[in-house]
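Next comes data-v6.cif, a file with mmCIF, C-alpha atoms.
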```
data_input
#
loop_
_atom_site.label_atom_id
_atom_site.label_comp_id
_atom_site.auth_asym_id
_atom_site.auth_seq_id
_atom_site.Cartn_x
_atom_site.Cartn_y
_atom_site.Cartn_z
CA MET A 46 -35.45 -37.69 -20.94
CA SER A 47 -35.08 -38.39 -17.23
CA TYR A 48 -32.15 -36.46 -15.75
CA THR A 49 -30.57 -36.43 -12.31
CA VAL A 50 -28.53 -33.39 -11.29
CA ASN A 51 -25.11 -34.02 -9.79
CA ALA A 52 -25.31 -31.53 -6.95
CA SER A 53 -21.62 -31.88 -6.10
CA ILE A 54 -20.34 -30.40 -9.38
CA LEU A 55 -23.38 -28.23 -10.21
CA LEU A 56 -25.03 -25.40 -8.25
CA THR A 57 -21.74 -24.85 -6.45
CA ASP A 58 -22.56 -21.20 -5.70
CA LEU A 59 -24.89 -22.57 -3.01
CA PRO A 60 -24.10 -24.42 0.23
CA ILE A 61 -24.21 -28.13 -0.42
CA LEU A 62 -27.42 -28.69 1.55
CA GLU A 63 -29.29 -25.97 -0.37
CA ARG A 64 -28.64 -27.53 -3.74
CA PRO A 65 -31.41 -30.17 -3.71
CA ALA A 66 -34.03 -27.43 -3.33
CA ALA A 67 -32.34 -25.43 -6.10
CA ALA A 68 -32.43 -28.44 -8.40
CA ARG A 69 -36.13 -28.83 -7.62
CA ALA A 70 -36.75 -25.15 -8.33
CA ALA A 71 -35.01 -25.61 -11.69
CA GLY A 72 -37.50 -28.32 -12.61
CA PHE A 73 -35.67 -31.52 -11.70
CA ASP A 74 -36.97 -34.21 -9.37
CA ALA A 75 -33.73 -36.14 -8.83
CA VAL A 76 -30.18 -35.45 -7.65
CA GLU A 77 -27.01 -37.41 -7.14
CA TYR A 78 -23.96 -36.58 -5.02
CA TRP A 79 -20.33 -37.36 -4.59
CA TRP A 80 -19.66 -38.12 -0.92
CA PRO A 81 -20.98 -34.93 0.74
CA PHE A 82 -18.90 -35.20 3.91
CA SER A 83 -15.21 -34.66 4.68
CA VAL A 84 -14.67 -38.03 6.34
CA ALA A 85 -15.72 -41.61 5.73
CA VAL A 86 -17.84 -41.81 8.87
CA PRO A 87 -19.39 -38.41 9.63
CA ALA A 88 -21.25 -37.46 12.79
CA GLN A 89 -24.87 -38.62 12.93
CA ASN A 90 -26.20 -35.05 12.97
CA GLU A 91 -24.39 -34.40 9.66
CA VAL A 92 -25.99 -37.46 8.11
CA ASP A 93 -29.40 -36.42 9.43
CA ALA A 94 -29.00 -32.91 7.99
CA PHE A 95 -28.11 -34.30 4.56
CA VAL A 96 -31.06 -36.69 4.57
CA ALA A 97 -33.40 -33.88 5.64
CA ALA A 98 -32.16 -31.61 2.84
CA ILE A 99 -33.06 -34.24 0.27
CA GLN A 100 -36.43 -35.01 1.82
CA ASN A 101 -37.41 -31.39 2.37
CA ALA A 102 -36.59 -30.53 -1.24
CA GLY A 103 -38.91 -33.24 -2.50
CA VAL A 104 -36.32 -34.83 -4.75
CA GLN A 105 -35.05 -38.39 -5.09
CA LEU A 106 -31.42 -39.16 -4.33
CA THR A 107 -30.70 -41.46 -7.25
CA GLY A 108 -26.99 -41.89 -6.65
CA LEU A 109 -24.33 -41.46 -3.98
CA ASN A 110 -20.57 -41.94 -4.05
CA PHE A 111 -18.68 -43.83 -1.41
CA PHE A 112 -16.06 -41.74 0.39
CA ALA A 113 -13.17 -41.19 -2.03
CA GLY A 114 -10.57 -39.57 0.22
CA ASP A 115 -9.33 -36.02 -0.33
CA MET A 116 -10.73 -35.38 -3.80
CA PRO A 117 -9.43 -31.76 -4.07
CA GLY A 118 -6.04 -33.10 -3.03
CA GLY A 119 -6.04 -35.68 -5.81
CA ASP A 120 -7.43 -38.80 -4.12
CA ARG A 121 -9.81 -40.88 -6.23
CA GLY A 122 -11.19 -43.56 -3.99
CA LEU A 123 -10.38 -46.07 -1.26
CA VAL A 124 -11.47 -49.28 -2.99
CA SER A 125 -7.92 -50.34 -3.88
CA TRP A 126 -6.12 -48.36 -1.18
CA VAL A 127 -4.10 -50.84 0.88
CA GLY A 128 -4.05 -49.68 4.49
CA ARG A 129 -7.46 -47.99 4.54
CA GLU A 130 -9.61 -51.11 4.62
CA GLU A 131 -11.28 -50.31 7.94
CA GLU A 132 -12.12 -46.81 6.78
CA PHE A 133 -13.85 -48.14 3.69
CA ALA A 134 -15.71 -50.75 5.72
CA GLY A 135 -17.01 -48.07 8.06
CA ASN A 136 -18.07 -45.96 5.12
CA ILE A 137 -20.12 -48.83 3.70
CA ASP A 138 -22.29 -48.79 6.81
CA VAL A 139 -23.03 -45.06 6.47
CA VAL A 140 -23.73 -45.37 2.75
CA VAL A 141 -26.22 -48.16 3.41
CA GLU A 142 -27.94 -46.12 6.11
CA ILE A 143 -28.38 -43.15 3.78
CA GLY A 144 -29.51 -45.41 0.96
CA ARG A 145 -32.09 -47.08 3.18
CA ARG A 146 -33.48 -43.76 4.44
CA LEU A 147 -33.69 -42.15 1.01
CA GLY A 148 -34.45 -45.09 -1.28
CA THR A 149 -31.19 -44.72 -3.16
CA LYS A 150 -30.18 -47.61 -5.39
CA ALA A 151 -26.88 -46.68 -7.07
CA PHE A 152 -23.58 -46.18 -5.24
CA ASN A 153 -20.39 -45.16 -7.03
CA ALA A 154 -17.17 -46.63 -5.63
CA LEU A 155 -14.16 -44.83 -7.07
CA TYR A 156 -11.38 -47.35 -7.47
CA GLY A 157 -8.41 -45.40 -6.12
CA ASN A 158 -5.07 -44.30 -7.54
CA ARG A 159 -2.02 -46.49 -7.84
CA LEU A 160 0.13 -46.16 -4.75
CA GLU A 161 3.89 -45.81 -4.95
CA GLY A 162 5.68 -48.77 -3.44
CA VAL A 163 2.54 -50.93 -3.25
CA ASP A 164 2.19 -54.01 -5.43
CA GLU A 165 -0.47 -53.44 -8.08
CA LYS A 166 -1.79 -56.97 -7.71
CA ALA A 167 -2.30 -56.39 -4.00
CA GLN A 168 -4.27 -53.26 -4.79
CA ASP A 169 -6.43 -55.05 -7.36
CA ASP A 170 -7.01 -58.03 -5.07
CA LEU A 171 -8.13 -55.67 -2.30
CA ALA A 172 -10.39 -53.83 -4.73
CA VAL A 173 -12.16 -57.06 -5.63
CA LYS A 174 -12.74 -57.81 -1.94
CA ASN A 175 -13.94 -54.29 -1.16
CA LEU A 176 -16.27 -54.12 -4.15
CA ALA A 177 -17.74 -57.48 -3.19
CA ALA A 178 -18.31 -56.28 0.39
CA ALA A 179 -19.97 -53.12 -0.88
CA GLY A 180 -22.08 -55.10 -3.33
CA ARG A 181 -23.32 -57.46 -0.65
CA ALA A 182 -24.17 -54.55 1.62
CA VAL A 183 -26.23 -52.59 -0.89
CA ALA A 184 -27.91 -55.73 -2.20
CA GLU A 185 -30.24 -55.58 0.79
CA LEU A 186 -31.50 -52.28 -0.65
CA GLY A 187 -31.91 -53.71 -4.13
CA GLY A 188 -28.94 -51.54 -5.03
CA VAL A 189 -25.91 -51.67 -7.28
CA VAL A 190 -22.31 -50.61 -6.85
CA LEU A 191 -20.97 -48.57 -9.75
CA LEU A 192 -17.39 -48.78 -11.04
CA GLU A 193 -16.20 -45.86 -13.15
CA PRO A 194 -13.35 -45.23 -15.58
CA VAL A 195 -12.00 -41.73 -14.87
CA SER A 196 -9.96 -39.22 -16.86
CA GLY A 197 -7.55 -36.50 -15.79
CA THR A 198 -5.76 -38.54 -13.13
CA PRO A 199 -2.81 -40.51 -14.55
CA ALA A 200 -2.47 -42.64 -11.40
CA TYR A 201 -6.08 -43.86 -11.64
CA PRO A 202 -5.81 -47.25 -13.39
CA LEU A 203 -9.34 -47.66 -14.77
CA LYS A 204 -9.42 -45.53 -17.90
CA THR A 205 -11.56 -47.53 -20.32
CA ALA A 206 -14.75 -49.50 -20.05
CA ALA A 207 -12.71 -52.67 -20.58
CA ASP A 208 -10.56 -51.83 -17.55
CA ALA A 209 -13.61 -51.54 -15.31
CA LEU A 210 -15.39 -54.54 -16.82
CA ALA A 211 -12.37 -56.73 -16.12
CA ILE A 212 -12.56 -55.90 -12.42
CA ILE A 213 -16.34 -56.37 -12.42
CA ALA A 214 -15.85 -59.82 -13.94
CA ARG A 215 -13.36 -60.71 -11.20
CA VAL A 216 -15.82 -59.65 -8.50
CA LYS A 217 -18.44 -61.93 -9.96
CA GLU A 218 -16.14 -64.88 -10.64
CA GLU A 219 -14.11 -64.78 -7.42
CA GLU A 220 -16.68 -63.46 -4.94
CA GLY A 221 -20.01 -64.45 -6.48
CA VAL A 222 -21.25 -60.85 -6.36
CA ASP A 223 -23.09 -59.73 -9.47
CA ASN A 224 -24.45 -56.28 -8.58
CA VAL A 225 -21.31 -54.33 -9.45
CA LYS A 226 -22.00 -52.45 -12.68
CA LEU A 227 -20.22 -50.15 -15.11
CA LEU A 228 -20.77 -46.43 -14.71
CA ALA A 229 -20.56 -45.18 -18.29
CA ASP A 230 -19.52 -41.55 -18.03
CA PHE A 231 -19.41 -40.60 -21.69
CA TYR A 232 -17.12 -37.65 -21.00
CA HIS A 233 -14.45 -39.67 -19.21
CA LEU A 234 -14.61 -42.49 -21.74
CA ALA A 235 -14.31 -40.12 -24.70
CA VAL A 236 -11.47 -38.08 -23.20
CA ASN A 237 -9.57 -41.27 -22.46
CA GLY A 238 -9.87 -42.33 -26.09
CA ASP A 239 -12.29 -45.20 -25.56
CA ASP A 240 -14.55 -46.29 -28.42
CA VAL A 241 -17.79 -45.05 -26.89
CA PRO A 242 -20.12 -46.31 -29.67
CA ALA A 243 -18.56 -49.77 -29.36
CA VAL A 244 -18.95 -49.72 -25.57
CA ILE A 245 -22.60 -48.79 -25.97
CA ALA A 246 -23.20 -51.42 -28.64
CA GLY A 247 -21.63 -54.13 -26.53
CA HIS A 248 -22.74 -53.26 -23.02
CA ALA A 249 -25.62 -50.76 -22.85
CA ALA A 250 -27.98 -53.22 -21.21
CA GLU A 251 -25.38 -53.82 -18.48
CA PHE A 252 -24.74 -50.15 -17.64
CA GLY A 253 -25.45 -49.35 -14.03
CA HIS A 254 -25.61 -45.62 -14.78
CA ILE A 255 -24.81 -43.03 -17.44
CA GLN A 256 -23.33 -39.60 -16.80
CA ILE A 257 -22.71 -36.89 -19.36
CA ALA A 258 -20.60 -33.82 -19.99
CA ASP A 259 -19.34 -32.44 -23.28
CA ALA A 260 -15.74 -32.44 -24.48
CA PRO A 261 -13.45 -30.65 -24.66
CA GLY A 262 -13.98 -28.69 -21.48
CA ARG A 263 -16.39 -30.86 -19.47
CA GLY A 264 -19.13 -28.29 -20.00
CA GLU A 265 -22.84 -28.78 -20.56
CA PRO A 266 -24.18 -30.50 -23.69
CA GLY A 267 -23.67 -28.33 -26.73
CA THR A 268 -20.44 -26.72 -25.55
CA GLY A 269 -18.21 -29.34 -27.12
CA GLU A 270 -18.11 -31.92 -29.86
CA LEU A 271 -19.52 -35.12 -28.40
CA PRO A 272 -22.70 -36.59 -29.95
CA LEU A 273 -24.26 -37.05 -26.54
CA GLY A 274 -27.82 -37.19 -27.78
CA GLN A 275 -27.00 -39.99 -30.21
CA TRP A 276 -25.07 -41.94 -27.62
CA ILE A 277 -27.93 -41.69 -25.12
CA SER A 278 -30.45 -42.78 -27.74
CA ASP A 279 -28.25 -45.71 -28.75
CA ALA A 280 -27.81 -46.76 -25.12
CA GLN A 281 -31.55 -46.66 -24.53
CA ALA A 282 -32.17 -48.63 -27.72
CA GLY A 283 -29.62 -51.14 -26.43
CA GLY A 284 -31.47 -51.69 -23.19
CA TYR A 285 -30.39 -48.94 -20.80
CA ALA A 286 -33.46 -47.77 -18.87
CA GLY A 287 -31.97 -45.61 -16.13
CA VAL A 288 -31.65 -41.90 -15.58
CA ILE A 289 -28.97 -39.71 -17.14
CA GLY A 290 -26.64 -38.02 -14.68
CA LEU A 291 -25.74 -34.40 -15.40
CA GLU A 292 -22.14 -34.19 -14.22
CA TYR A 293 -20.64 -31.20 -15.97
CA LYS A 294 -19.07 -27.85 -15.14
CA ALA A 295 -21.51 -25.04 -15.89
CA THR A 296 -20.20 -22.39 -18.29
CA GLN A 297 -22.97 -19.83 -17.77
CA ALA A 298 -25.10 -18.39 -15.00
CA ASP A 299 -28.01 -20.74 -15.70
CA PRO A 300 -26.45 -24.21 -15.68
CA PHE A 301 -29.57 -25.72 -17.25
CA ALA A 302 -30.25 -23.21 -20.03
CA TRP A 303 -29.21 -25.83 -22.58
CA THR A 304 -32.29 -27.90 -21.73
CA THR A 305 -34.51 -25.38 -23.53
CA THR A 306 -32.51 -25.33 -26.76
CA THR A 307 -32.75 -27.50 -29.83
CA ALA A 308 -29.37 -29.00 -28.97
CA ALA A 309 -30.74 -30.01 -25.61
CA ALA A 310 -33.62 -31.84 -27.17
CA GLN A 311 -31.05 -33.98 -28.96
CA ALA A 312 -29.23 -34.72 -25.69
#
```
Taking this structure as input, can you express it in the form of C-alpha cells?
Amino acid sequence: MSYTVNASILLTDLPILERPAAARAAGFDAVEYWWPFSVAVPAQNEVDAFVAAIQNAGVQLTGLNFFAGDMPGGDRGLVSWVGREEEFAGNIDVVVEIGRRLGTKAFNALYGNRLEGVDEKAQDDLAVKNLAAAGRAVAELGGVVLLEPVSGTPAYPLKTAADALAIIARVKEEEGVDNVKLLADFYHLAVNGDDVPAVIAGHAAEFGHIQIADAPGRGEPGTGELPLGQWISDAQAGGYAGVIGLEYKATQADPFAWTTTTAAAQA
C-alpha cells in the first residue's frame, strides 16, 4: 500500500516545517498538506522555507490544498465565496509555483460554505469559474484539482459524492476543463451517510485521490467501524491507482502504530 501522510492533521506536536522529516523518519516517503500558510499569498521567504522543508526531508509532496480561509474559525474554502475572487486568483499562482518546484500533481480546492444573504446560484456559478481557472493553471503541471465532500460543517453544501460530481460535470460542460476530480474521503462520505460501496463501484477509476480515517471519531484505521481495507481494495480493483492519504486524528502517541498490526494490513 502506498500512503501519503497528511502533515496538517498528523504530527501536530511538531512545528509544521518539521513534520516532513518526521514522516520520513516514520518510514513514509510522501506527505500532503492543507494550505500551510495563514494567508492566500504568503511572503516569498515563507514559500521558500516550506519548499526547503519538503526537499530536505527527502519526501514527495503528493497533495496541497488551496487556501481555504480561516479553517479554525469555520471557513471551508474560497471557491464559491463571492467577494473573494481576487484572493483565490492570487492563491492559484502560489499553488502553481509550489507545485512546479516540488512536482506536486494534486491540489484540493475546498468549495466554501454557503453565505448568508448571497444567492446560492451565484455561489455555484462562481465556483464553476474558479474551479475551471484552477484546473487550467495546474494543467501545465500535469495536475488535477480535487473537489471534496466534507462532513461536520452544515453550511458546506457538498456532502455526497453526487454533490461534488454534479459541480465537476458543470466545469467540464460549461468551461471545457476536465482535470477537476473527486476527492473520495471515505470518512467524510461515510459520516454524511453516502453509499460508499456504490460510489466506489461507479466512480473509482475517476477518483482524483482517496483519503481515509475511521468512524466514529476520525481516528486511525482500526479505531472505528469502517471497512477501510475492503473499500481501498475495491477502489483499486475498480481502477484507482493513486496513493492513499492518511488524514486522521491520532489517538495514541505513535500515530502510525496501526501500520504494524493485522488490522493495518487489511487497510
Within 10 Å of Leu147 of chain A using all atoms listed in the file, minus same-chain residues under 4 positions, as a PyMOL selection string:
chain A and resi 96-97+99-100+104-107+141-143
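Distance check against Pro242 of chain A using only C-alpha atoms: of A:Gly148, A:Gly283, A:Pro65, A:Gly162, the minimum falls on A:Gly283.
Nearest residue to Tyr293 of chain A, choosing from A:Leu55, A:Val173, A:Lys226, A:Leu109 and counting all atoms listed in the file: A:Leu55.
Shortest atom-to-atom contact with Leu191 of chain A among A:Phe111, A:Phe231, A:Trp126, A:Phe95: A:Phe111, counting only C-alpha atoms.
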Here's the selection I'm unsure about, the PyMOL selection byres ((chain A and resi 299) around 12); applied to the file above, which residues does it give, as an NGL selection string?
:A and (55-58 or 67-68 or 71 or 265 or 294-298 or 300-305)
Got a sec to write segment 116-176 of chain A of the block to a file, C-alpha atoms, as a PDB file, in the first residue's frame?
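Printed below is decode19.pdb as written:
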```
ATOM      1  CA  MET A 116     -10.210  26.948   8.921  1.00  0.00           C
ATOM      2  CA  PRO A 117     -10.111  27.043  12.765  1.00  0.00           C
ATOM      3  CA  GLY A 118     -12.742  29.762  12.579  1.00  0.00           C
ATOM      4  CA  GLY A 119     -15.031  27.611  10.456  1.00  0.00           C
ATOM      5  CA  ASP A 120     -14.175  28.647   6.892  1.00  0.00           C
ATOM      6  CA  ARG A 121     -14.065  25.830   4.355  1.00  0.00           C
ATOM      7  CA  GLY A 122     -12.781  27.305   1.142  1.00  0.00           C
ATOM      8  CA  LEU A 123     -12.924  30.289  -1.196  1.00  0.00           C
ATOM      9  CA  VAL A 124     -14.038  28.549  -4.390  1.00  0.00           C
ATOM     10  CA  SER A 125     -17.669  29.669  -4.065  1.00  0.00           C
ATOM     11  CA  TRP A 126     -17.058  32.714  -1.880  1.00  0.00           C
ATOM     12  CA  VAL A 127     -18.485  35.724  -3.704  1.00  0.00           C
ATOM     13  CA  GLY A 128     -16.321  38.743  -2.977  1.00  0.00           C
ATOM     14  CA  ARG A 129     -13.004  36.923  -2.579  1.00  0.00           C
ATOM     15  CA  GLU A 130     -12.345  36.190  -6.238  1.00  0.00           C
ATOM     16  CA  GLU A 131      -9.075  38.133  -6.410  1.00  0.00           C
ATOM     17  CA  GLU A 132      -7.773  36.395  -3.311  1.00  0.00           C
ATOM     18  CA  PHE A 133      -8.417  32.989  -4.828  1.00  0.00           C
ATOM     19  CA  ALA A 134      -6.829  34.035  -8.121  1.00  0.00           C
ATOM     20  CA  GLY A 135      -3.698  35.147  -6.298  1.00  0.00           C
ATOM     21  CA  ASN A 136      -3.598  31.896  -4.396  1.00  0.00           C
ATOM     22  CA  ILE A 137      -3.680  29.901  -7.637  1.00  0.00           C
ATOM     23  CA  ASP A 138      -0.387  31.484  -8.668  1.00  0.00           C
ATOM     24  CA  VAL A 139       1.324  30.480  -5.409  1.00  0.00           C
ATOM     25  CA  VAL A 140      -0.090  26.949  -5.552  1.00  0.00           C
ATOM     26  CA  VAL A 141       1.244  26.523  -9.084  1.00  0.00           C
ATOM     27  CA  GLU A 142       4.667  27.799  -8.047  1.00  0.00           C
ATOM     28  CA  ILE A 143       4.881  25.298  -5.189  1.00  0.00           C
ATOM     29  CA  GLY A 144       3.575  22.516  -7.402  1.00  0.00           C
ATOM     30  CA  ARG A 145       6.153  23.275 -10.069  1.00  0.00           C
ATOM     31  CA  ARG A 146       9.043  23.358  -7.590  1.00  0.00           C
ATOM     32  CA  LEU A 147       8.050  20.148  -5.809  1.00  0.00           C
ATOM     33  CA  GLY A 148       6.482  18.076  -8.578  1.00  0.00           C
ATOM     34  CA  THR A 149       3.085  18.059  -6.909  1.00  0.00           C
ATOM     35  CA  LYS A 150       0.164  16.917  -9.040  1.00  0.00           C
ATOM     36  CA  ALA A 151      -2.973  17.049  -6.853  1.00  0.00           C
ATOM     37  CA  PHE A 152      -4.494  20.236  -5.444  1.00  0.00           C
ATOM     38  CA  ASN A 153      -7.564  20.205  -3.208  1.00  0.00           C
ATOM     39  CA  ALA A 154      -9.925  23.169  -3.620  1.00  0.00           C
ATOM     40  CA  LEU A 155     -12.406  23.284  -0.750  1.00  0.00           C
ATOM     41  CA  TYR A 156     -15.693  24.564  -2.099  1.00  0.00           C
ATOM     42  CA  GLY A 157     -16.689  27.042   0.604  1.00  0.00           C
ATOM     43  CA  ASN A 158     -19.667  27.396   2.921  1.00  0.00           C
ATOM     44  CA  ARG A 159     -22.999  28.876   1.961  1.00  0.00           C
ATOM     45  CA  LEU A 160     -23.036  32.591   2.696  1.00  0.00           C
ATOM     46  CA  GLU A 161     -25.993  34.269   4.340  1.00  0.00           C
ATOM     47  CA  GLY A 162     -27.684  36.740   2.038  1.00  0.00           C
ATOM     48  CA  VAL A 163     -25.854  35.526  -1.077  1.00  0.00           C
ATOM     49  CA  ASP A 164     -27.735  33.756  -3.852  1.00  0.00           C
ATOM     50  CA  GLU A 165     -26.757  30.086  -3.962  1.00  0.00           C
ATOM     51  CA  LYS A 166     -26.755  30.069  -7.755  1.00  0.00           C
ATOM     52  CA  ALA A 167     -24.289  32.948  -7.766  1.00  0.00           C
ATOM     53  CA  GLN A 168     -22.032  30.985  -5.444  1.00  0.00           C
ATOM     54  CA  ASP A 169     -22.236  27.860  -7.595  1.00  0.00           C
ATOM     55  CA  ASP A 170     -21.659  29.803 -10.808  1.00  0.00           C
ATOM     56  CA  LEU A 171     -18.566  31.404  -9.279  1.00  0.00           C
ATOM     57  CA  ALA A 172     -17.350  28.013  -8.095  1.00  0.00           C
ATOM     58  CA  VAL A 173     -17.523  26.642 -11.620  1.00  0.00           C
ATOM     59  CA  LYS A 174     -15.475  29.587 -12.903  1.00  0.00           C
ATOM     60  CA  ASN A 175     -12.908  29.338 -10.110  1.00  0.00           C
ATOM     61  CA  LEU A 176     -12.505  25.582 -10.445  1.00  0.00           C
TER      62      LEU A 176
END
```
